[in-house]
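Chemist: mmCIF, C-alpha atoms and all ligand atoms, file run.cif:
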```cif
data_query
#
loop_
_atom_site.label_atom_id
_atom_site.label_comp_id
_atom_site.auth_asym_id
_atom_site.auth_seq_id
_atom_site.Cartn_x
_atom_site.Cartn_y
_atom_site.Cartn_z
CA MET T 10 11.33 -13.71 -19.01
CA VAL T 11 10.92 -16.39 -21.64
CA ASP T 12 13.27 -15.96 -24.60
CA VAL T 13 11.09 -17.89 -27.01
CA ASN T 14 13.42 -17.60 -30.02
CA LYS T 15 16.27 -19.10 -28.04
CA ILE T 16 14.02 -21.78 -26.56
CA ARG T 17 12.71 -22.84 -29.97
CA GLN T 18 16.25 -23.72 -31.04
CA ASP T 19 16.23 -26.45 -28.39
CA PHE T 20 13.31 -28.21 -30.13
CA PRO T 21 14.42 -29.52 -33.56
CA ILE T 22 10.92 -30.78 -34.42
CA LEU T 23 9.59 -27.21 -34.44
CA GLU T 24 11.58 -26.63 -37.62
CA ARG T 25 9.57 -29.25 -39.51
CA SER T 26 7.24 -28.47 -42.37
CA ILE T 27 3.89 -30.20 -42.69
CA TYR T 28 2.33 -30.10 -46.20
CA ASN T 29 5.00 -27.50 -47.03
CA LYS T 30 3.81 -25.24 -44.24
CA PRO T 31 5.72 -24.55 -41.04
CA LEU T 32 4.53 -26.83 -38.24
CA ILE T 33 2.44 -25.00 -35.66
CA TYR T 34 2.19 -27.40 -32.78
CA LEU T 35 -0.77 -26.60 -30.54
CA ASP T 36 -1.36 -30.09 -29.14
CA ASN T 37 0.78 -29.72 -26.04
CA GLY T 38 -1.97 -30.98 -23.74
CA ALA T 39 -1.70 -34.37 -25.43
CA THR T 40 2.08 -34.46 -25.32
CA THR T 41 4.89 -31.92 -25.41
CA GLN T 42 7.84 -31.87 -27.79
CA LYS T 43 11.27 -32.76 -26.40
CA PRO T 44 14.22 -30.43 -26.05
CA ARG T 45 17.56 -31.66 -27.37
CA CYS T 46 18.92 -32.18 -23.83
CA VAL T 47 16.19 -34.74 -23.06
CA VAL T 48 16.83 -36.72 -26.24
CA GLU T 49 20.56 -36.55 -25.47
CA ALA T 50 19.94 -37.90 -21.96
CA ILE T 51 18.22 -40.90 -23.54
CA SER T 52 20.98 -41.55 -26.07
CA GLU T 53 23.73 -40.93 -23.49
CA GLY T 54 22.01 -43.44 -21.21
CA TYR T 55 21.89 -46.15 -23.85
CA TYR T 56 25.33 -45.36 -25.34
CA ASN T 57 27.27 -44.90 -22.11
CA THR T 58 25.69 -46.10 -18.91
CA ASN T 59 23.22 -48.83 -19.82
CA ALA T 60 23.15 -51.70 -17.32
CA ASN T 61 20.30 -53.13 -15.29
CA ILE T 62 20.11 -51.35 -11.96
CA HIS T 63 20.01 -52.38 -8.28
CA ARG T 64 22.05 -55.22 -6.81
CA GLY T 65 24.56 -55.06 -9.65
CA VAL T 66 28.10 -55.56 -8.43
CA HIS T 67 29.74 -54.13 -11.54
CA PHE T 68 30.64 -50.52 -12.24
CA LEU T 69 28.09 -49.76 -14.97
CA SER T 70 25.23 -51.17 -12.96
CA GLN T 71 26.19 -49.01 -10.01
CA GLU T 72 26.47 -45.96 -12.21
CA ALA T 73 23.05 -46.60 -13.78
CA THR T 74 21.55 -47.21 -10.31
CA GLU T 75 22.97 -43.94 -9.07
CA ALA T 76 21.53 -42.06 -12.07
CA HIS T 77 18.10 -43.60 -11.47
CA GLU T 78 18.11 -42.82 -7.76
CA ASN T 79 19.38 -39.29 -8.43
CA ALA T 80 16.44 -38.88 -10.81
CA ARG T 81 14.12 -39.89 -7.98
CA LYS T 82 15.72 -37.20 -5.80
CA ARG T 83 15.28 -34.71 -8.65
CA VAL T 84 11.55 -35.46 -8.76
CA GLN T 85 11.39 -35.20 -4.96
CA LYS T 86 12.91 -31.73 -5.17
CA PHE T 87 10.63 -30.75 -8.06
CA LEU T 88 7.48 -31.62 -6.08
CA ASN T 89 9.02 -30.61 -2.74
CA ALA T 90 8.25 -34.03 -1.27
CA GLU T 91 9.67 -34.72 2.17
CA SER T 92 11.46 -37.90 1.16
CA SER T 93 12.55 -39.56 -2.08
CA ASP T 94 10.91 -42.76 -0.72
CA GLU T 95 7.64 -41.03 -1.50
CA ILE T 96 8.40 -40.93 -5.23
CA ILE T 97 7.25 -44.04 -7.09
CA PHE T 98 8.07 -44.33 -10.78
CA THR T 99 5.15 -45.61 -12.86
CA ARG T 100 4.40 -45.77 -16.59
CA GLY T 101 2.51 -42.49 -16.36
CA THR T 102 -0.45 -40.74 -14.80
CA THR T 103 -2.80 -43.54 -15.77
CA GLU T 104 -0.77 -46.24 -14.08
CA ALA T 105 -0.20 -44.03 -11.03
CA ILE T 106 -3.95 -43.56 -10.52
CA ASN T 107 -4.59 -47.26 -11.10
CA LEU T 108 -1.92 -48.07 -8.53
CA ALA T 109 -3.41 -45.76 -5.89
CA ALA T 110 -7.03 -46.76 -6.56
CA SER T 111 -6.19 -50.43 -6.56
CA SER T 112 -3.72 -50.64 -3.69
CA TYR T 113 -5.24 -48.04 -1.35
CA GLY T 114 -8.78 -48.92 -2.42
CA ASP T 115 -8.44 -52.67 -1.95
CA LYS T 116 -6.95 -52.29 1.51
CA PHE T 117 -8.76 -49.29 2.97
CA LEU T 118 -12.11 -48.87 1.17
CA LYS T 119 -15.12 -51.08 1.72
CA GLU T 120 -18.66 -51.45 0.41
CA GLY T 121 -20.64 -48.23 0.80
CA ASP T 122 -17.56 -46.01 1.18
CA GLU T 123 -17.78 -42.93 -0.99
CA VAL T 124 -15.21 -41.56 -3.43
CA ILE T 125 -15.67 -38.04 -4.81
CA LEU T 126 -14.56 -37.29 -8.38
CA SER T 127 -15.40 -34.27 -10.51
CA GLU T 128 -17.33 -33.73 -13.70
CA MET T 129 -14.18 -32.61 -15.52
CA GLU T 130 -12.04 -35.71 -14.93
CA HIS T 131 -10.03 -37.49 -17.61
CA HIS T 132 -11.08 -41.13 -18.08
CA ALA T 133 -7.83 -42.07 -16.30
CA ASN T 134 -9.31 -40.65 -13.10
CA ILE T 135 -12.74 -42.22 -13.57
CA VAL T 136 -12.36 -45.77 -14.83
CA PRO T 137 -9.94 -47.05 -12.13
CA TRP T 138 -12.50 -45.97 -9.50
CA GLN T 139 -15.31 -47.68 -11.41
CA MET T 140 -13.21 -50.85 -11.50
CA LEU T 141 -12.82 -50.52 -7.73
CA ARG T 142 -16.58 -50.03 -7.49
CA GLU T 143 -17.07 -53.34 -9.31
CA ARG T 144 -14.69 -55.11 -6.91
CA LYS T 145 -15.67 -53.46 -3.64
CA GLY T 146 -19.07 -51.82 -4.03
CA ILE T 147 -17.84 -48.29 -3.31
CA VAL T 148 -20.05 -45.34 -4.26
CA ILE T 149 -18.82 -42.66 -6.70
CA LYS T 150 -20.05 -39.10 -6.29
CA VAL T 151 -19.34 -36.27 -8.71
CA ILE T 152 -18.64 -32.56 -8.13
CA PRO T 153 -20.61 -30.52 -10.71
CA MET T 154 -19.40 -27.32 -12.43
CA ASN T 155 -20.80 -23.81 -12.48
CA ASP T 156 -21.53 -21.97 -15.73
CA LYS T 157 -17.88 -20.84 -16.05
CA GLN T 158 -16.79 -24.49 -15.95
CA GLU T 159 -15.28 -24.14 -12.50
CA LEU T 160 -15.95 -26.71 -9.80
CA ASP T 161 -19.00 -25.80 -7.72
CA MET T 162 -17.37 -25.67 -4.29
CA GLU T 163 -20.68 -25.40 -2.42
CA ALA T 164 -21.88 -28.55 -4.12
CA TYR T 165 -18.53 -30.18 -3.28
CA ARG T 166 -18.95 -29.43 0.42
CA SER T 167 -22.46 -30.84 0.36
CA LEU T 168 -21.33 -34.18 -1.10
CA PHE T 169 -19.53 -35.22 2.09
CA THR T 170 -21.15 -37.75 4.41
CA GLU T 171 -19.65 -39.89 7.15
CA ASN T 172 -18.95 -42.48 4.44
CA THR T 173 -16.74 -40.19 2.30
CA LYS T 174 -13.25 -41.68 2.36
CA PHE T 175 -11.48 -40.41 -0.72
CA VAL T 176 -11.43 -37.47 -3.16
CA SER T 177 -9.69 -37.73 -6.53
CA VAL T 178 -9.68 -34.65 -8.75
CA THR T 179 -7.62 -33.03 -11.44
CA HIS T 180 -5.50 -29.97 -10.70
CA VAL T 181 -5.99 -28.57 -14.23
CA SER T 182 -8.63 -29.74 -16.71
CA ASN T 183 -7.15 -31.02 -19.98
CA VAL T 184 -10.24 -29.79 -21.86
CA LEU T 185 -11.22 -26.57 -20.13
CA GLY T 186 -7.94 -25.36 -18.71
CA THR T 187 -9.72 -24.70 -15.42
CA VAL T 188 -7.20 -24.55 -12.56
CA ASN T 189 -9.00 -26.07 -9.60
CA PRO T 190 -8.53 -24.74 -6.06
CA VAL T 191 -6.82 -27.94 -4.97
CA LYS T 192 -5.53 -26.57 -1.65
CA GLU T 193 -9.09 -25.78 -0.62
CA ILE T 194 -10.33 -29.11 -2.00
CA ILE T 195 -7.72 -30.95 0.07
CA ASP T 196 -8.40 -28.95 3.25
CA ILE T 197 -12.13 -29.63 3.03
CA ALA T 198 -11.52 -33.34 2.42
CA HIS T 199 -9.10 -33.56 5.34
CA SER T 200 -11.62 -31.89 7.65
CA HIS T 201 -13.80 -34.93 6.86
CA ASN T 202 -10.88 -37.36 7.29
CA ALA T 203 -10.89 -38.22 3.59
CA LYS T 204 -7.68 -38.76 1.62
CA VAL T 205 -7.00 -36.87 -1.62
CA LEU T 206 -5.32 -37.73 -4.91
CA ILE T 207 -4.55 -34.87 -7.30
CA ASP T 208 -4.13 -35.61 -11.01
CA GLY T 209 -1.28 -33.30 -11.97
CA ALA T 210 -0.93 -34.39 -15.62
CA GLN T 211 -1.90 -30.93 -16.88
CA SER T 212 -0.57 -28.83 -14.00
CA VAL T 213 3.10 -29.64 -13.50
CA PRO T 214 4.12 -28.40 -17.00
CA HIS T 215 2.50 -25.02 -16.34
CA LEU T 216 2.62 -24.08 -12.67
CA LYS T 217 4.71 -24.64 -9.57
CA VAL T 218 3.52 -27.53 -7.40
CA ASP T 219 4.50 -28.13 -3.78
CA VAL T 220 2.96 -31.31 -2.43
CA GLN T 221 3.80 -30.44 1.19
CA ALA T 222 2.25 -26.97 0.97
CA LEU T 223 -0.84 -28.54 -0.63
CA ASP T 224 -0.80 -31.37 1.92
CA ALA T 225 -1.78 -33.74 -0.94
CA ASP T 226 -1.94 -37.41 0.04
CA PHE T 227 -1.19 -38.49 -3.54
CA TYR T 228 -0.07 -36.44 -6.55
CA VAL T 229 0.51 -37.93 -9.99
CA PHE T 230 1.92 -36.83 -13.35
CA SER T 231 3.35 -38.07 -16.67
CA ALA T 232 6.85 -37.23 -17.91
CA HIS T 233 5.80 -36.85 -21.55
CA LYS T 234 3.57 -33.89 -20.78
CA ILE T 235 6.45 -32.02 -19.15
CA TYR T 236 8.97 -32.27 -22.00
CA GLY T 237 10.23 -35.66 -20.80
CA PRO T 238 10.06 -39.12 -22.39
CA THR T 239 7.01 -41.32 -22.92
CA GLY T 240 6.39 -44.38 -20.79
CA ILE T 241 7.31 -42.99 -17.39
CA GLY T 242 5.45 -41.04 -14.75
CA VAL T 243 5.28 -40.45 -11.05
CA LEU T 244 3.11 -41.33 -8.11
CA TYR T 245 3.87 -39.18 -5.10
CA GLY T 246 2.32 -40.54 -1.90
CA LYS T 247 2.75 -39.67 1.75
CA LYS T 248 5.13 -42.16 3.28
CA GLU T 249 2.78 -43.37 6.01
CA LEU T 250 0.13 -44.16 3.39
CA LEU T 251 2.47 -45.88 0.95
CA ASP T 252 3.96 -47.86 3.84
CA ALA T 253 0.53 -49.12 4.83
CA MET T 254 -0.54 -50.01 1.27
CA PRO T 255 0.00 -53.45 -0.28
CA PRO T 256 2.11 -53.85 -3.46
CA TYR T 257 0.35 -53.29 -6.76
CA GLN T 258 2.31 -55.78 -8.85
CA GLY T 259 4.58 -58.66 -7.84
CA GLY T 260 7.93 -59.66 -9.26
CA GLY T 261 11.60 -58.79 -9.09
CA GLU T 262 12.79 -55.59 -7.38
CA MET T 263 9.74 -55.33 -5.10
CA ILE T 264 10.78 -58.14 -2.77
CA ALA T 265 13.20 -58.48 0.15
CA THR T 266 13.15 -62.29 0.26
CA VAL T 267 11.16 -64.95 -1.56
CA SER T 268 10.49 -68.56 -0.73
CA PHE T 269 7.59 -70.71 -1.89
CA ASP T 270 6.08 -70.44 1.59
CA LYS T 271 6.49 -66.74 2.17
CA THR T 272 7.63 -63.57 0.45
CA VAL T 273 8.72 -60.45 2.32
CA TYR T 274 8.18 -57.26 0.36
CA ASN T 275 10.85 -54.66 -0.17
CA GLU T 276 10.77 -51.27 1.50
CA LEU T 277 9.67 -48.02 -0.14
CA PRO T 278 9.88 -47.02 -2.90
CA TYR T 279 10.85 -50.39 -4.39
CA LYS T 280 7.76 -52.16 -3.01
CA PHE T 281 5.77 -50.49 -5.79
CA GLU T 282 8.29 -50.92 -8.60
CA ALA T 283 8.12 -54.55 -9.69
CA GLY T 284 10.38 -55.49 -12.60
CA THR T 285 13.13 -53.57 -14.34
CA PRO T 286 12.23 -49.89 -14.08
CA ASP T 287 12.64 -47.38 -16.90
CA TYR T 288 15.98 -46.16 -15.57
CA ILE T 289 16.82 -44.42 -18.85
CA GLY T 290 13.45 -42.66 -18.83
CA SER T 291 13.86 -41.55 -15.22
CA THR T 292 17.19 -39.91 -16.05
CA ALA T 293 15.66 -38.19 -19.08
CA LEU T 294 12.75 -37.00 -16.93
CA ALA T 295 15.23 -35.50 -14.46
CA ARG T 296 16.86 -33.66 -17.38
CA ALA T 297 13.45 -32.36 -18.51
CA LEU T 298 12.77 -31.05 -15.00
CA ASP T 299 16.14 -29.27 -15.03
CA TYR T 300 15.22 -27.74 -18.37
CA VAL T 301 11.81 -26.53 -17.21
CA GLU T 302 13.14 -25.15 -13.94
CA ASP T 303 15.98 -23.39 -15.74
CA ILE T 304 13.35 -21.44 -17.67
CA GLY T 305 11.40 -21.08 -14.40
CA LEU T 306 7.80 -22.10 -13.78
CA GLU T 307 6.82 -18.55 -12.81
CA ASN T 308 8.17 -17.33 -16.17
CA ILE T 309 6.41 -20.14 -18.00
CA GLU T 310 3.12 -19.39 -16.26
CA ALA T 311 3.34 -15.68 -17.06
CA TYR T 312 4.31 -16.21 -20.71
CA GLU T 313 1.66 -18.87 -21.35
CA ALA T 314 -0.98 -16.66 -19.67
CA GLU T 315 -0.09 -13.95 -22.22
CA LEU T 316 -0.46 -16.43 -25.08
CA LEU T 317 -3.79 -17.65 -23.75
CA GLU T 318 -5.15 -14.14 -23.29
CA TYR T 319 -4.09 -13.14 -26.79
CA ALA T 320 -5.47 -16.29 -28.42
CA THR T 321 -8.75 -16.02 -26.48
CA SER T 322 -9.35 -12.39 -27.40
CA GLU T 323 -8.56 -13.07 -31.08
CA LEU T 324 -10.73 -16.18 -31.21
CA LYS T 325 -13.66 -14.40 -29.55
CA GLN T 326 -13.82 -11.97 -32.46
CA ILE T 327 -14.84 -14.76 -34.83
CA PRO T 328 -18.66 -14.73 -35.12
CA GLY T 329 -20.35 -17.89 -33.82
CA VAL T 330 -17.45 -19.03 -31.64
CA LYS T 331 -18.20 -20.70 -28.34
CA ILE T 332 -15.38 -21.24 -25.86
CA TYR T 333 -15.61 -24.12 -23.38
CA GLY T 334 -13.70 -23.24 -20.23
CA ASN T 335 -14.23 -19.70 -18.96
CA ALA T 336 -12.78 -20.07 -15.48
CA SER T 337 -11.22 -17.06 -13.74
CA HIS T 338 -8.05 -19.08 -13.21
CA LYS T 339 -7.15 -20.89 -16.43
CA SER T 340 -4.16 -22.68 -17.84
CA ALA T 341 -3.07 -22.46 -21.48
CA VAL T 342 -5.86 -24.51 -23.05
CA LEU T 343 -8.44 -23.18 -25.51
CA SER T 344 -11.38 -25.46 -26.33
CA PHE T 345 -14.00 -24.21 -28.74
CA LEU T 346 -16.62 -24.84 -31.40
CA ILE T 347 -17.80 -22.49 -34.14
CA ASN T 348 -21.43 -22.53 -35.26
CA ASP T 349 -22.24 -26.09 -36.31
CA ILE T 350 -18.82 -26.86 -37.82
CA HIS T 351 -17.86 -30.33 -36.67
CA HIS T 352 -14.73 -30.35 -34.48
CA TYR T 353 -13.22 -33.04 -36.64
CA ASP T 354 -13.70 -31.00 -39.84
CA MET T 355 -12.10 -27.98 -38.21
CA GLY T 356 -9.16 -30.12 -37.08
CA MET T 357 -8.68 -31.55 -40.59
CA ILE T 358 -8.67 -28.12 -42.22
CA LEU T 359 -6.21 -26.76 -39.67
CA ASP T 360 -4.01 -29.81 -40.20
CA LYS T 361 -3.79 -29.10 -43.93
CA GLN T 362 -2.33 -25.72 -42.96
CA GLY T 363 0.32 -27.35 -40.76
CA ILE T 364 -1.54 -26.55 -37.55
CA ALA T 365 -1.78 -29.41 -35.06
CA VAL T 366 -4.74 -29.22 -32.67
CA ARG T 367 -6.68 -32.00 -30.99
CA THR T 368 -10.33 -32.70 -31.67
CA GLY T 369 -12.86 -34.98 -30.05
CA HIS T 370 -13.87 -35.82 -26.50
CA HIS T 371 -10.31 -35.58 -25.12
CA CYS T 372 -10.85 -38.71 -22.97
CA ALA T 373 -13.46 -36.82 -20.97
CA GLN T 374 -16.81 -38.13 -22.21
CA PRO T 375 -18.68 -37.39 -18.95
CA LEU T 376 -17.51 -33.77 -19.27
CA MET T 377 -18.75 -33.68 -22.87
CA SER T 378 -22.15 -34.94 -21.66
CA ALA T 379 -22.25 -32.25 -18.99
CA LEU T 380 -21.52 -29.63 -21.66
CA GLY T 381 -24.07 -31.19 -24.00
CA ILE T 382 -21.60 -31.67 -26.85
CA GLU T 383 -19.69 -34.53 -28.45
CA GLY T 384 -16.32 -32.89 -28.70
CA THR T 385 -14.35 -29.69 -29.08
CA VAL T 386 -11.40 -28.33 -31.01
CA ARG T 387 -8.59 -27.87 -28.50
CA ALA T 388 -5.52 -25.70 -28.91
CA SER T 389 -3.10 -26.12 -26.00
CA PHE T 390 -0.04 -23.93 -25.68
CA SER T 391 3.52 -24.28 -24.51
CA PHE T 392 6.28 -21.79 -23.72
CA TYR T 393 7.74 -22.49 -27.18
CA ASN T 394 4.64 -21.18 -28.97
CA THR T 395 4.59 -17.61 -30.25
CA LYS T 396 2.06 -14.87 -30.96
CA ASP T 397 2.88 -15.25 -34.66
CA GLU T 398 1.79 -18.87 -34.44
CA ILE T 399 -1.44 -17.78 -32.77
CA ASP T 400 -2.04 -15.32 -35.60
CA MET T 401 -1.60 -18.14 -38.12
CA PHE T 402 -3.87 -20.38 -36.08
CA ILE T 403 -6.59 -17.69 -36.02
CA ARG T 404 -6.20 -17.17 -39.78
CA GLY T 405 -6.52 -20.94 -40.22
CA VAL T 406 -9.71 -21.04 -38.17
CA LYS T 407 -11.17 -18.16 -40.19
CA ARG T 408 -10.32 -19.96 -43.42
CA ALA T 409 -12.18 -23.02 -42.15
CA VAL T 410 -15.20 -20.90 -41.23
CA ASP T 411 -15.20 -19.34 -44.71
CA MET T 412 -15.09 -22.77 -46.31
CA PHE T 413 -18.16 -23.87 -44.38
CA SER T 414 -20.21 -20.72 -44.79
N1 LIG W 501 -5.18 -36.94 -16.60
C1 LIG W 501 -5.21 -35.85 -17.37
C2 LIG W 501 -5.82 -34.58 -16.83
C3 LIG W 501 -4.67 -35.89 -18.66
O1 LIG W 501 -4.70 -34.80 -19.43
C4 LIG W 501 -4.10 -37.09 -19.13
C5 LIG W 501 -3.51 -37.19 -20.52
N2 LIG W 501 -4.28 -36.60 -21.52
C6 LIG W 501 -4.09 -38.20 -18.28
C7 LIG W 501 -4.64 -38.08 -17.03
C8 LIG W 501 -3.49 -39.50 -18.69
O2 LIG W 501 -2.12 -39.37 -18.86
P1 LIG W 501 -1.25 -40.55 -19.49
O3 LIG W 501 -1.95 -40.94 -20.76
O4 LIG W 501 0.08 -39.94 -19.74
O5 LIG W 501 -1.22 -41.66 -18.49
#
```
Spell out the structure here as structure tokens.
Modeler:
Amino acid sequence: MVDVNKIRQDFPILERSIYNKPLIYLDNGATTQKPRCVVEAISEGYYNTNANIHRGVHFLSQEATEAHENARKRVQKFLNAESSDEIIFTRGTTEAINLAASSYGDKFLKEGDEVILSEMEHHANIVPWQMLRERKGIVIKVIPMNDKQELDMEAYRSLFTENTKFVSVTHVSNVLGTVNPVKEIIDIAHSHNAKVLIDGAQSVPHLKVDVQALDADFYVFSAHKIYGPTGIGVLYGKKELLDAMPPYQGGGEMIATVSFDKTVYNELPYKFEAGTPDYIGSTALARALDYVEDIGLENIEAYEAELLEYATSELKQIPGVKIYGNASHKSAVLSFLINDIHHYDMGMILDKQGIAVRTGHHCAQPLMSALGIEGTVRASFSFYNTKDEIDMFIRGVKRAVDMFS
């Protein structure tokens, strides 16, 4: 059970007023608010244990190193990875995908090799592959959607040829909320000897992920979308793959020895972490994972499903509404348009009522093209949202419709 009133007390920002109205924050897909314990982990880190990590002989450095490496173990446990060497800290989902596409792609993909993406990818899971295409001449293929905005699995199967080497798809769509059948996607790819990266930016905050059960080759996410700090994220990769891949960036930390003639790279995970890592952020991320798992991902999933169902049924009663994302298995995202009201206008009117939603293409322009629209209004929910807030959101939407009619 989610005790939402108790939970809300952990998030001071939820008490804010915007234009003298209580803040109703429905932009959780873009970033989540931070519980007090996460902000405290950041201030505790800077106030009490700040020292640059690794190779430090002094006490504080060793303490900070231990906190950072414990955070890595915390992420390992969260994803159920086999080893903490498989957890690479990055700046976020975007950097994690760039790292995988660049390092794996440069070493293992060649001209004519095919990479499968899907129509519902975020730009972060499109552009790095296009950059690889420019460098290496790979071919990008795209899984289309059916009319419920689910991936067309028959079409997916038919995309494979002997040249298919890699599949990179999102677990949950940031626009549609569609939860993709990633286990099946991975199994099919593996039966063709292709590797798979799963973009978990929108899944880890909402549902339990087990990278070993999925048999994912790579799995990536951002801390800020799971109640953690900005500027840090995770690349999970199977050890044998990460071992075989070249470093992504060069510098301190990622080396064993350096001379002007020859440099020997460090072992995993440090090989992929050039420069001073965000050791305060990693500790705060670990605290966020504790927080989320204390509530329980099963509880979160059940509560958010209730919110989504309620919001969807209320929204559907508004004449002229069109919902984008009608998958059977959906996460707590509600994208819509009403008649010909521009998404931006709707967003502005909701904002004046203290309601924060996101409008626009949501960094998924190819998806917008597939849907034949320029953008949507997107409300995305968290376990700290309430049915009362949804009622106010629906009233706000109706007010906007009245203004335009
Ligand atoms: N993938 C998906 C599905 C996302 O929703 C986002 C963030 N909107 C990203 C990737 C990029 O995440 P970040 O900006 O934190 O790197």
Chemist: Report the distance between CA of Leu126 in chain T and CA of Leu108 in chain T in Å, rounded to one decimal place.
Modeler: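 CA of Leu126 in chain T sits 16.6 Å away from CA of Leu108 in chain T.
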Chemist: Quick one: of T:Phe402, T:Tyr165, T:Tyr56, T:Tyr257, who's nearest to Pro31 in chain T, counting only C-alpha atoms?
Modeler: T:Phe402
Chemist: Using 5 Å of padding on each side, determine the axis-aligned box around all atoms of ligand LIG 501 (chain W) present in the file and give its centre and edge lengths in Å to one decimal, as AutoDock Vina command-line options.
Modeler:
```
--center_x -2.9 --center_y -38.1 --center_z -19.1 --size_x 15.9 --size_y 17.1 --size_z 14.9
```
Chemist: Mind giving me the straight-line distance from CA of Ala283 in chain T to CA of Phe98 in chain T in Å, one decimal?
Modeler: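 Answer for the CA of Ala283 in chain T to CA of Phe98 in chain T separation: 10.3 Å.
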Chemist: Looking at all atoms listed in the file, which of T:Pro137, T:Gly54, T:Gly242, T:Gly146 is the one that sits closest to ligand LIG 501 (chain W)?
Modeler: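 Ranking T:Pro137, T:Gly54, T:Gly242, T:Gly146 by distance to ligand LIG 501 (chain W), first place goes to T:Gly242.
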Chemist: Throw together the list of residues within 6 Å of ligand LIG 501 (chain W), counting only C-alpha atoms and all ligand atoms, and drop it here as a tab-separated table (two decimals) with C-alpha atoms, keeping the file's coordinate frame.
Modeler:
```tsv
chain	number	residue	atom	x	y	z
T	39	ALA	CA	-1.70	-34.37	-25.43
T	101	GLY	CA	2.51	-42.49	-16.36
T	102	THR	CA	-0.45	-40.74	-14.80
T	103	THR	CA	-2.80	-43.54	-15.77
T	131	HIS	CA	-10.03	-37.49	-17.61
T	133	ALA	CA	-7.83	-42.07	-16.30
T	179	THR	CA	-7.62	-33.03	-11.44
T	182	SER	CA	-8.63	-29.74	-16.71
T	183	ASN	CA	-7.15	-31.02	-19.98
T	208	ASP	CA	-4.13	-35.61	-11.01
T	210	ALA	CA	-0.93	-34.39	-15.62
T	211	GLN	CA	-1.90	-30.93	-16.88
T	231	SER	CA	3.35	-38.07	-16.67
```
Chemist: Which is closest to Val124 in chain T among T:Leu168, T:Ile97, T:Ala365, T:Ile399, if we use all atoms listed in the file?
Modeler: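 Closest candidate: T:Leu168.
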Chemist: Kindly indicate which residue among T:Lys248, T:Lys157, T:Lys86, T:Lys280 lies nearest to Val218 in chain T, using all atoms listed in the file for the distances.
Modeler: T:Lys86
Chemist: What would range 43-53 of chain T look like if you wrote it out as a short mmCIF file (atom, residue, chain, number, x, y, z; two decimals), in the first residue's frame, with N, CA, C and O atoms included, from the block I just posted?
Modeler:
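The file below, decode.cif, is the result:
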```cif
data_model
loop_
_atom_site.label_atom_id
_atom_site.label_comp_id
_atom_site.auth_asym_id
_atom_site.auth_seq_id
_atom_site.Cartn_x
_atom_site.Cartn_y
_atom_site.Cartn_z
N LYS T 43 12.47 15.43 -5.53
CA LYS T 43 13.41 14.69 -4.68
C LYS T 43 12.92 14.61 -3.24
O LYS T 43 12.58 15.65 -2.65
N PRO T 44 12.93 13.42 -2.68
CA PRO T 44 12.58 13.33 -1.26
C PRO T 44 13.70 13.93 -0.40
O PRO T 44 14.86 13.98 -0.83
N ARG T 45 13.32 14.35 0.79
CA ARG T 45 14.27 14.98 1.71
C ARG T 45 15.55 14.13 1.88
O ARG T 45 16.65 14.65 1.90
N CYS T 46 15.40 12.81 1.98
CA CYS T 46 16.56 11.95 2.25
C CYS T 46 17.61 12.04 1.14
O CYS T 46 18.81 11.92 1.39
N VAL T 47 17.16 12.28 -0.10
CA VAL T 47 18.11 12.38 -1.22
C VAL T 47 18.87 13.71 -1.14
O VAL T 47 20.09 13.76 -1.30
N VAL T 48 18.13 14.78 -0.84
CA VAL T 48 18.79 16.09 -0.71
C VAL T 48 19.75 16.05 0.48
O VAL T 48 20.86 16.58 0.43
N GLU T 49 19.34 15.36 1.55
CA GLU T 49 20.23 15.23 2.72
C GLU T 49 21.49 14.43 2.37
O GLU T 49 22.58 14.75 2.85
N ALA T 50 21.34 13.41 1.54
CA ALA T 50 22.52 12.63 1.15
C ALA T 50 23.52 13.52 0.41
O ALA T 50 24.74 13.40 0.60
N ILE T 51 22.99 14.44 -0.40
CA ILE T 51 23.89 15.35 -1.12
C ILE T 51 24.57 16.31 -0.15
O ILE T 51 25.80 16.47 -0.17
N SER T 52 23.78 16.91 0.75
CA SER T 52 24.42 17.86 1.68
C SER T 52 25.34 17.15 2.66
O SER T 52 26.44 17.62 2.94
N GLU T 53 24.93 15.97 3.14
CA GLU T 53 25.84 15.20 4.03
C GLU T 53 27.15 14.91 3.32
O GLU T 53 28.23 15.00 3.91
#
```
